[in-house]
Each structure stands twice: as C-alpha cells, then as structure tokens.
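Enquirer: This is the content of my_file-v8.cif (mmCIF, C-alpha atoms):
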data_model
#
loop_
_atom_site.label_atom_id
_atom_site.label_comp_id
_atom_site.auth_asym_id
_atom_site.auth_seq_id
_atom_site.Cartn_x
_atom_site.Cartn_y
_atom_site.Cartn_z
CA MET E 1 24.74 -70.32 -10.63
CA ASP E 2 26.40 -67.93 -13.10
CA GLN E 3 26.02 -64.52 -11.53
CA HIS E 4 24.67 -61.88 -13.91
CA LEU E 5 24.46 -58.13 -13.80
CA ILE E 6 20.92 -57.11 -14.77
CA ALA E 7 21.03 -53.43 -15.80
CA LEU E 8 17.64 -51.72 -15.73
CA ASP E 9 16.49 -48.52 -17.32
CA LEU E 10 13.40 -47.21 -15.49
CA ASP E 11 11.00 -45.12 -17.59
CA GLY E 12 9.45 -47.07 -20.44
CA THR E 13 11.26 -50.22 -19.30
CA THR E 14 11.00 -51.30 -15.66
CA LEU E 15 8.11 -48.90 -15.01
CA ASN E 16 4.73 -49.11 -16.72
CA ASN E 17 3.05 -46.19 -18.48
CA GLN E 18 1.85 -44.84 -15.12
CA SER E 19 5.51 -44.67 -13.98
CA THR E 20 4.92 -47.37 -11.37
CA LEU E 21 6.20 -50.86 -10.62
CA THR E 22 3.84 -53.79 -10.94
CA GLN E 23 3.83 -56.55 -8.35
CA GLU E 24 4.99 -59.01 -11.01
CA THR E 25 8.02 -56.87 -11.76
CA ILE E 26 8.85 -56.50 -8.06
CA ARG E 27 8.55 -60.24 -7.43
CA THR E 28 10.70 -61.06 -10.46
CA LEU E 29 13.50 -58.67 -9.54
CA ARG E 30 13.49 -59.70 -5.88
CA THR E 31 13.71 -63.36 -6.88
CA LEU E 32 16.72 -62.67 -9.08
CA ALA E 33 18.40 -60.67 -6.32
CA ASP E 34 17.72 -63.45 -3.82
CA GLU E 35 19.34 -65.90 -6.23
CA GLY E 36 22.52 -63.82 -6.14
CA HIS E 37 22.27 -61.79 -9.32
CA ILE E 38 23.18 -58.08 -9.25
CA VAL E 39 20.03 -56.13 -10.06
CA SER E 40 21.10 -52.56 -10.76
CA ILE E 41 18.95 -49.56 -11.71
CA ILE E 42 20.79 -47.49 -14.33
CA THR E 43 18.71 -44.42 -15.05
CA GLY E 44 18.78 -40.86 -16.24
CA ARG E 45 16.65 -39.93 -13.24
CA PRO E 46 18.23 -38.07 -10.35
CA TYR E 47 18.44 -39.92 -7.07
CA ARG E 48 15.62 -37.86 -5.53
CA ILE E 49 13.03 -39.39 -7.90
CA ALA E 50 14.54 -42.86 -8.22
CA ARG E 51 15.13 -43.68 -4.55
CA HIS E 52 11.53 -44.78 -3.87
CA ILE E 53 11.66 -47.23 -6.79
CA TYR E 54 14.91 -48.74 -5.51
CA ASP E 55 13.38 -49.10 -2.05
CA GLN E 56 10.17 -50.59 -3.42
CA ILE E 57 12.07 -53.30 -5.27
CA GLY E 58 14.01 -54.00 -2.09
CA ILE E 59 17.52 -54.41 -3.50
CA LYS E 60 20.85 -53.50 -1.83
CA THR E 61 23.07 -53.24 -4.90
CA PRO E 62 24.52 -50.16 -6.64
CA MET E 63 22.32 -47.65 -8.43
CA VAL E 64 23.47 -45.44 -11.30
CA ASN E 65 21.79 -42.02 -11.67
CA PHE E 66 22.14 -39.09 -14.07
CA ASN E 67 22.92 -41.41 -17.02
CA GLY E 68 26.17 -42.65 -15.49
CA ALA E 69 27.36 -39.54 -13.64
CA LEU E 70 26.61 -40.91 -10.14
CA THR E 71 27.12 -44.48 -8.95
CA HIS E 72 26.37 -45.34 -5.32
CA ILE E 73 24.61 -47.75 -2.98
CA PRO E 74 21.62 -45.93 -1.48
CA HIS E 75 21.50 -45.65 2.32
CA GLU E 76 25.12 -46.84 2.61
CA ALA E 77 28.57 -45.29 2.84
CA TRP E 78 30.14 -47.24 -0.03
CA ASP E 79 33.86 -46.96 -0.77
CA GLY E 80 33.11 -47.43 -4.48
CA GLU E 81 30.82 -44.42 -4.79
CA TYR E 82 31.81 -41.91 -7.45
CA GLU E 83 30.43 -38.94 -9.36
CA VAL E 84 31.37 -37.07 -12.52
CA ALA E 85 30.51 -33.41 -11.97
CA LEU E 86 30.02 -30.43 -14.26
CA THR E 87 31.10 -26.92 -13.31
CA ARG E 88 29.40 -24.15 -11.38
CA GLU E 89 30.56 -21.70 -14.07
CA LEU E 90 28.54 -23.51 -16.76
CA ALA E 91 25.31 -23.32 -14.77
CA LEU E 92 25.69 -19.66 -13.90
CA ASP E 93 26.71 -18.73 -17.46
CA LEU E 94 23.55 -20.33 -18.88
CA LEU E 95 21.48 -18.69 -16.18
CA ALA E 96 22.83 -15.26 -17.12
CA ASN E 97 22.16 -15.82 -20.83
CA ARG E 98 18.90 -17.74 -20.61
CA GLU E 99 16.70 -15.12 -22.32
CA GLN E 100 19.11 -14.68 -25.23
CA LEU E 101 19.29 -18.46 -25.74
CA GLY E 102 15.57 -19.13 -25.44
CA ILE E 103 15.82 -21.08 -22.18
CA LYS E 104 12.71 -21.37 -20.01
CA THR E 105 13.94 -23.40 -17.07
CA ILE E 106 17.37 -24.45 -15.80
CA THR E 107 17.43 -27.24 -13.22
CA VAL E 108 20.71 -28.11 -11.53
CA GLU E 109 21.24 -31.09 -9.22
CA ASP E 110 23.77 -32.97 -7.18
CA LYS E 111 23.12 -36.20 -5.29
CA TYR E 112 20.79 -34.72 -2.68
CA ARG E 113 20.02 -31.14 -3.73
CA VAL E 114 18.17 -29.39 -6.55
CA TRP E 115 18.11 -25.77 -7.71
CA ALA E 116 16.16 -24.06 -10.51
CA ASN E 117 15.61 -20.53 -11.76
CA HIS E 118 11.87 -20.97 -11.15
CA PRO E 119 9.40 -23.78 -10.48
CA THR E 120 7.54 -25.26 -13.44
CA LYS E 121 4.39 -27.35 -13.85
CA ASP E 122 5.46 -28.61 -17.29
CA LEU E 123 7.01 -31.90 -16.11
CA PRO E 124 6.30 -32.14 -12.38
CA GLU E 125 7.83 -35.55 -11.73
CA PHE E 126 11.20 -34.56 -13.21
CA LEU E 127 11.38 -30.78 -12.81
CA PRO E 128 10.61 -29.10 -9.47
CA ASP E 129 7.10 -27.63 -9.29
CA HIS E 130 7.89 -25.75 -6.08
CA LEU E 131 11.09 -24.32 -4.62
CA ARG E 132 12.28 -23.06 -1.25
CA ASP E 133 14.21 -19.79 -1.24
CA ASP E 134 17.49 -21.69 -0.86
CA GLN E 135 16.66 -23.76 -3.96
CA LEU E 136 16.46 -20.79 -6.30
CA LEU E 137 19.33 -20.98 -8.78
CA THR E 138 21.60 -18.07 -7.85
CA ALA E 139 25.34 -17.57 -7.43
CA GLU E 140 24.78 -17.38 -3.67
CA ASN E 141 22.82 -20.64 -3.43
CA LEU E 142 24.85 -22.73 -5.89
CA THR E 143 28.04 -23.18 -3.92
CA GLY E 144 29.30 -26.51 -5.27
CA ARG E 145 29.73 -28.38 -8.55
CA PRO E 146 26.51 -29.86 -9.98
CA ILE E 147 26.27 -33.36 -11.40
CA SER E 148 23.35 -32.71 -13.74
CA LEU E 149 21.99 -29.73 -15.66
CA ILE E 150 18.58 -29.95 -17.36
CA ILE E 151 17.41 -27.21 -19.75
CA GLU E 152 13.80 -26.68 -20.76
CA TYR E 153 14.01 -24.56 -23.91
CA GLN E 154 11.54 -22.61 -26.01
CA PRO E 155 10.26 -24.59 -29.03
CA GLY E 156 12.76 -24.49 -31.89
CA GLN E 157 15.67 -23.25 -29.74
CA ALA E 158 17.51 -26.53 -29.10
CA GLU E 159 20.19 -25.97 -31.75
CA LYS E 160 20.90 -22.45 -30.48
CA VAL E 161 21.45 -23.73 -26.94
CA ILE E 162 23.58 -26.67 -28.10
CA LYS E 163 25.74 -24.42 -30.30
CA ALA E 164 26.35 -21.99 -27.43
CA VAL E 165 27.30 -24.81 -25.07
CA ASN E 166 29.58 -26.49 -27.62
CA GLU E 167 31.42 -23.28 -28.49
CA LYS E 168 32.37 -22.54 -24.91
CA TYR E 169 32.23 -25.86 -23.05
CA GLY E 170 32.29 -28.53 -25.75
CA THR E 171 35.63 -29.98 -24.65
CA PHE E 172 34.05 -31.46 -21.54
CA VAL E 173 30.27 -31.11 -21.91
CA GLU E 174 27.89 -33.09 -24.11
CA ALA E 175 24.28 -32.08 -24.81
CA ARG E 176 21.55 -34.66 -25.30
CA VAL E 177 17.97 -33.89 -26.35
CA TRP E 178 15.35 -35.93 -24.51
CA GLY E 179 13.09 -38.20 -26.50
CA GLY E 180 9.33 -37.82 -26.64
CA PRO E 181 7.36 -34.58 -26.80
CA TYR E 182 9.55 -32.60 -24.42
CA ASN E 183 11.59 -29.47 -25.24
CA ILE E 184 14.31 -30.59 -22.87
CA LEU E 185 17.99 -31.28 -23.19
CA GLU E 186 20.44 -32.58 -20.63
CA LEU E 187 24.05 -31.55 -20.23
CA ILE E 188 26.38 -34.30 -19.11
CA HIS E 189 30.14 -34.64 -18.79
CA ARG E 190 31.44 -35.69 -22.20
CA GLY E 191 31.91 -39.45 -22.47
CA THR E 192 29.74 -40.20 -19.44
CA HIS E 193 26.84 -42.45 -20.42
CA LYS E 194 24.92 -45.32 -18.90
CA GLU E 195 27.38 -47.94 -20.12
CA SER E 196 30.20 -46.41 -18.05
CA GLY E 197 28.13 -46.87 -14.89
CA MET E 198 27.12 -50.37 -15.98
CA TYR E 199 30.73 -51.43 -16.55
CA TYR E 200 31.81 -49.88 -13.26
CA VAL E 201 29.20 -51.92 -11.36
CA ALA E 202 30.19 -55.07 -13.25
CA LYS E 203 33.83 -54.50 -12.29
CA GLN E 204 32.96 -54.24 -8.59
CA TYR E 205 31.44 -57.73 -8.72
CA GLN E 206 33.89 -59.20 -11.25
CA ILE E 207 31.11 -59.90 -13.75
CA SER E 208 32.24 -60.35 -17.34
CA ARG E 209 30.58 -58.62 -20.27
CA SER E 210 29.05 -61.91 -21.40
CA HIS E 211 27.09 -62.03 -18.14
CA ILE E 212 25.63 -58.53 -18.43
CA ILE E 213 22.04 -58.21 -19.61
CA ALA E 214 20.69 -54.69 -20.09
CA PHE E 215 17.20 -53.38 -20.86
CA GLY E 216 16.13 -50.05 -22.35
CA ASP E 217 13.84 -48.19 -24.70
CA GLU E 218 15.18 -44.70 -25.48
CA HIS E 219 18.17 -42.83 -26.94
CA ASN E 220 20.04 -42.62 -23.65
CA ASP E 221 20.02 -46.43 -23.41
CA LEU E 222 21.81 -46.97 -26.72
CA GLU E 223 25.41 -47.19 -25.47
CA MET E 224 24.38 -49.40 -22.55
CA LEU E 225 22.51 -51.94 -24.67
CA ASP E 226 25.25 -51.95 -27.31
CA ALA E 227 27.94 -52.55 -24.67
CA ALA E 228 26.14 -55.31 -22.72
CA GLY E 229 26.65 -58.99 -23.41
CA ARG E 230 22.92 -59.10 -24.14
CA GLY E 231 21.15 -55.84 -24.90
CA VAL E 232 17.37 -56.16 -24.80
CA ALA E 233 15.06 -53.54 -26.28
CA MET E 234 11.55 -53.20 -24.99
CA GLN E 235 8.74 -53.88 -27.44
CA ASN E 236 7.86 -50.18 -27.05
CA ALA E 237 11.45 -49.03 -27.73
CA ILE E 238 12.31 -46.52 -30.44
CA PRO E 239 13.59 -48.01 -33.74
CA ASP E 240 17.23 -47.00 -33.11
CA ILE E 241 17.29 -49.05 -29.91
CA LYS E 242 15.67 -52.09 -31.52
CA ALA E 243 18.20 -51.87 -34.35
CA ILE E 244 21.23 -52.34 -32.07
CA ALA E 245 19.63 -54.72 -29.55
CA ASP E 246 20.36 -58.44 -29.38
CA ASP E 247 16.73 -59.16 -28.56
CA VAL E 248 13.34 -57.49 -28.10
CA THR E 249 10.81 -58.28 -25.38
CA PRO E 250 7.65 -59.99 -26.73
CA VAL E 251 5.39 -57.45 -24.96
CA ASP E 252 5.79 -53.82 -23.92
CA ASN E 253 6.46 -52.10 -20.60
CA ASP E 254 2.76 -51.72 -19.87
CA HIS E 255 2.27 -55.50 -19.95
CA ASP E 256 5.21 -56.60 -17.76
CA GLY E 257 7.53 -57.05 -20.73
CA LEU E 258 10.68 -56.83 -18.59
CA ALA E 259 9.43 -59.29 -15.96
CA LYS E 260 8.17 -61.78 -18.51
CA TYR E 261 11.46 -61.69 -20.43
CA LEU E 262 13.51 -62.26 -17.26
CA GLN E 263 11.24 -65.09 -16.12
CA GLU E 264 11.79 -66.88 -19.42
CA TYR E 265 15.51 -66.12 -19.65
CA PHE E 266 16.31 -67.29 -16.11
CA LYS E 267 13.61 -70.00 -16.01
CA LEU E 268 11.85 -68.49 -13.01
CA SER E 269 8.53 -69.67 -11.61
CA ILE E 270 6.78 -66.52 -10.37
#
The structure in this file should be written as structure tokens.
Expert:
Amino acid sequence: MDQHLIALDLDGTTLNNQSTLTQETIRTLRTLADEGHIVSIITGRPYRIARHIYDQIGIKTPMVNFNGALTHIPHEAWDGEYEVALTRELALDLLANREQLGIKTITVEDKYRVWANHPTKDLPEFLPDHLRDDQLLTAENLTGRPISLIIEYQPGQAEKVIKAVNEKYGTFVEARVWGGPYNILELIHRGTHKESGMYYVAKQYQISRSHIIAFGDEHNDLEMLDAAGRGVAMQNAIPDIKAIADDVTPVDNDHDGLAKYLQEYFKLSI
C-alpha cells in the first residue's frame, strides 16, 4: 500500500450544509485510516470547535487548526506540536481603536482559551455567544500571545481595518476576509497558511508531495490545494478553487461528495 496524506478542510467539504458528518463520511475516513493512510483535518476552525469532529471520525493523527498556525495531535503530548503566534500588542491595539476602525467584535484565541470584547449572536458556532468574566478581552485577562485574531467589522469597513493593520503590523501579519456573507476577517501570521501545516504533517510521516491529496472549497484552501500532489475542489467550491484544482468532486458536500470521491479513488467498498 502506498501511504497517502489525505488533507481535509471541514466546512463546505468534509461537513454537510448542517455542519455535521454523515455516517458515510465517517465510515470512509475510518476505513482509510485503518488501511494506514494519514487522515488529517486541516481547518481554519479553532481547536475548541473542531475537536468533536476529530473525535467523531475516530482518528489519531495530527490536526491543523487556525489555517496552519497550530499543528498537534489531540489528547496527546506530541513532540512535533508547534504553533505560530501573533502578539498581545496587536490584539490590545485593535481593542483600543475598535470604534475608530468600525470593529464590532474582536475574538482572540490560543489552543484552549478564547477571549472577546463582548459576546455576539451573529455567528454562534464560530464566535462566542457567552463569556465568563475571565474571557472578556482586557489587558488583565490576555496575558499570553494569541494564535488567532478574528474581527467582525461594520459593513464597508474591511479596507479601513486592513489598512490600519498593514501600516503598523504588515511585516508579520496578514489579513484575510472570510468568504460568504460574513463581515469577518482573520489575522494570521504572514506566510502561515494551510499548506504549511499540510507539508509539516507530510514530513512527519515521510510522505512525498505526489502522495498528498487535499480537499477544499473556499479561499483559505487555495494554497493547500495548489501545493498538494492532487488538489480536489468540491462541486460546491468557489470558482477560484475549481480553477487551480486538479479535479472536482462529482457531487457537492451535502451529498457525500468527499466520501464518494475517496471511495472511487482508493477503490473502497463501503
């Protein structure tokens, strides 16, 4: 058997439109893991809202969170774990200037903890809809370096926020606007994308680029699909992703497109 790394985006790819795993997807991924392939979730989600998906699949291989800024094996002390952090100064600077910049919500996270300037109901799965006192984003509560910083901005204010960040922190910070209907941008360490996490996992298992197959659907998957030996766009992917992909799934994420593609590619009987 030629061992492959199977790199999986979550939302719009591995998950259906209800943000859940189907039994067919679980069976397919477990079968591939049992056969010795490295099934690795590589997601923009923080660990706190990706852990249950990892556990539901039942894999024991590395997970990449925050679009490449955290690579680890959940529930294990792994020597290969690493993170690429931002700075506390950046978070507190944006917090102090949020009204001037048109920022509604600032959410800051590390591997296990989350802070925000206030709870929000706008995107409850991704942004905290309730906070303890110690989770309020203040200089006293934020004592370490965050890995991720998510900004929910007022409509039409994205360019103002990006310009302010670039002028002061552009040498090491990169801003990315989320796809879809959301007024949200993410700040990541410059040069840190999903493909860096994917390549790091591949290196740990000595898997060559030609044996990496990656799946995605949105802007933050572009580098990963382009860098993989086989980059596969979902049928529901945005045009930019389909344009750089080596292949496209015959059906979308809401009809087990990922599972069906893997079954055909690896000749599985599920």
Enquirer: So how many Å separate CA of Ile244 (chain E) and CA of Glu195 (chain E), to one decimal?
Expert: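 Separation of CA of Ile244 (chain E) and CA of Glu195 (chain E): 14.1 Å.
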Enquirer: Could you expand the PyMOL selection byres ((chain E and resi 39) around 12) into the explicit residues it covers here, written as a count of residues only?
Expert: 42
Enquirer: If you apply the PyMOL selection byres ((chain E and resi 236-241) around 9) to this file, what residues do you get, as JSON, numbers by chain?
Expert: {"E": [12, 13, 216, 217, 218, 219, 221, 222, 225, 226, 232, 233, 234, 235, 242, 243, 244, 245, 248, 249, 251, 252, 253, 254]}
Enquirer: Work out how far apart CA of Gln206 (chain E) and CA of Phe66 (chain E) are and give it in Å to one decimal.
Expert: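 Distance reported for this atom pair: 23.5 Å.
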Enquirer: What is the CA of Leu136 (chain E)-CA of Lys168 (chain E) distance in Å, reported with one decimal?
Expert: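 Here the two named atoms are 24.5 Å from each other.
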Enquirer: Expand the PyMOL selection byres ((chain E and resi 185) around 12) into the individual residues it matches in the shown file, reporting them as a PyMOL selection string.
Expert: chain E and resi 44+103-107+148-155+157-162+165+174-184+186-188+220
Enquirer: In terms of the shortest atom-to-atom distance over all atoms listed in the file, which of E:Leu90, E:Ala85, E:Ala96, E:Leu123 is closest to Glu109 (chain E)?
Expert: E:Ala85
Enquirer: Of the residues E:Thr20, E:Leu70, E:Lys121, E:Phe126, which is the one nearest to Leu86 (chain E), using all atoms listed in the file?
Expert: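 Checking each of E:Thr20, E:Leu70, E:Lys121, E:Phe126 against Leu86 (chain E), counting all atoms listed in the file, the winner is E:Leu70.
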Enquirer: For Arg45 (chain E), which of E:Leu21, E:Glu125, E:Asn97, E:Arg27 is the closest residue, counting only C-alpha atoms?
Expert: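 The shortest atom-to-atom distance to Arg45 (chain E) comes from E:Glu125.
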Enquirer: Between E:Gln204, E:Asn141, E:Thr171, E:Thr192, single out the one closest to Asp79 (chain E), counting only C-alpha atoms.
Expert: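 Selected residue with least distance to Asp79 (chain E): E:Gln204.
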Enquirer: When distances are computed from all atoms listed in the file, which of E:Glu264, E:Asp55, E:Asp93, E:Asp11 shows the smallest separation from Thr43 (chain E)?
Expert: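 Closest to Thr43 (chain E) of all the choices is E:Asp11.
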Enquirer: Between E:Ile270, E:Leu101, E:Ala227, E:Leu92, which has the minimum distance to Thr138 (chain E) (counting all atoms listed in the file)?
Expert: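 That would be E:Leu92, the residue with the smallest distance to Thr138 (chain E).
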Enquirer: Can you tell me, as lines of an AutoDock Vina configuration file, the centre and edge lengths (Å, one decimal) of the axis-aligned box enclosing all of region 161-174 of chain E's listed atoms after padding each side by 3 Å?
Expert:
center_x = 28.5
center_y = -27.5
center_z = -25.9
size_x = 20.2
size_y = 17.1
size_z = 14.8
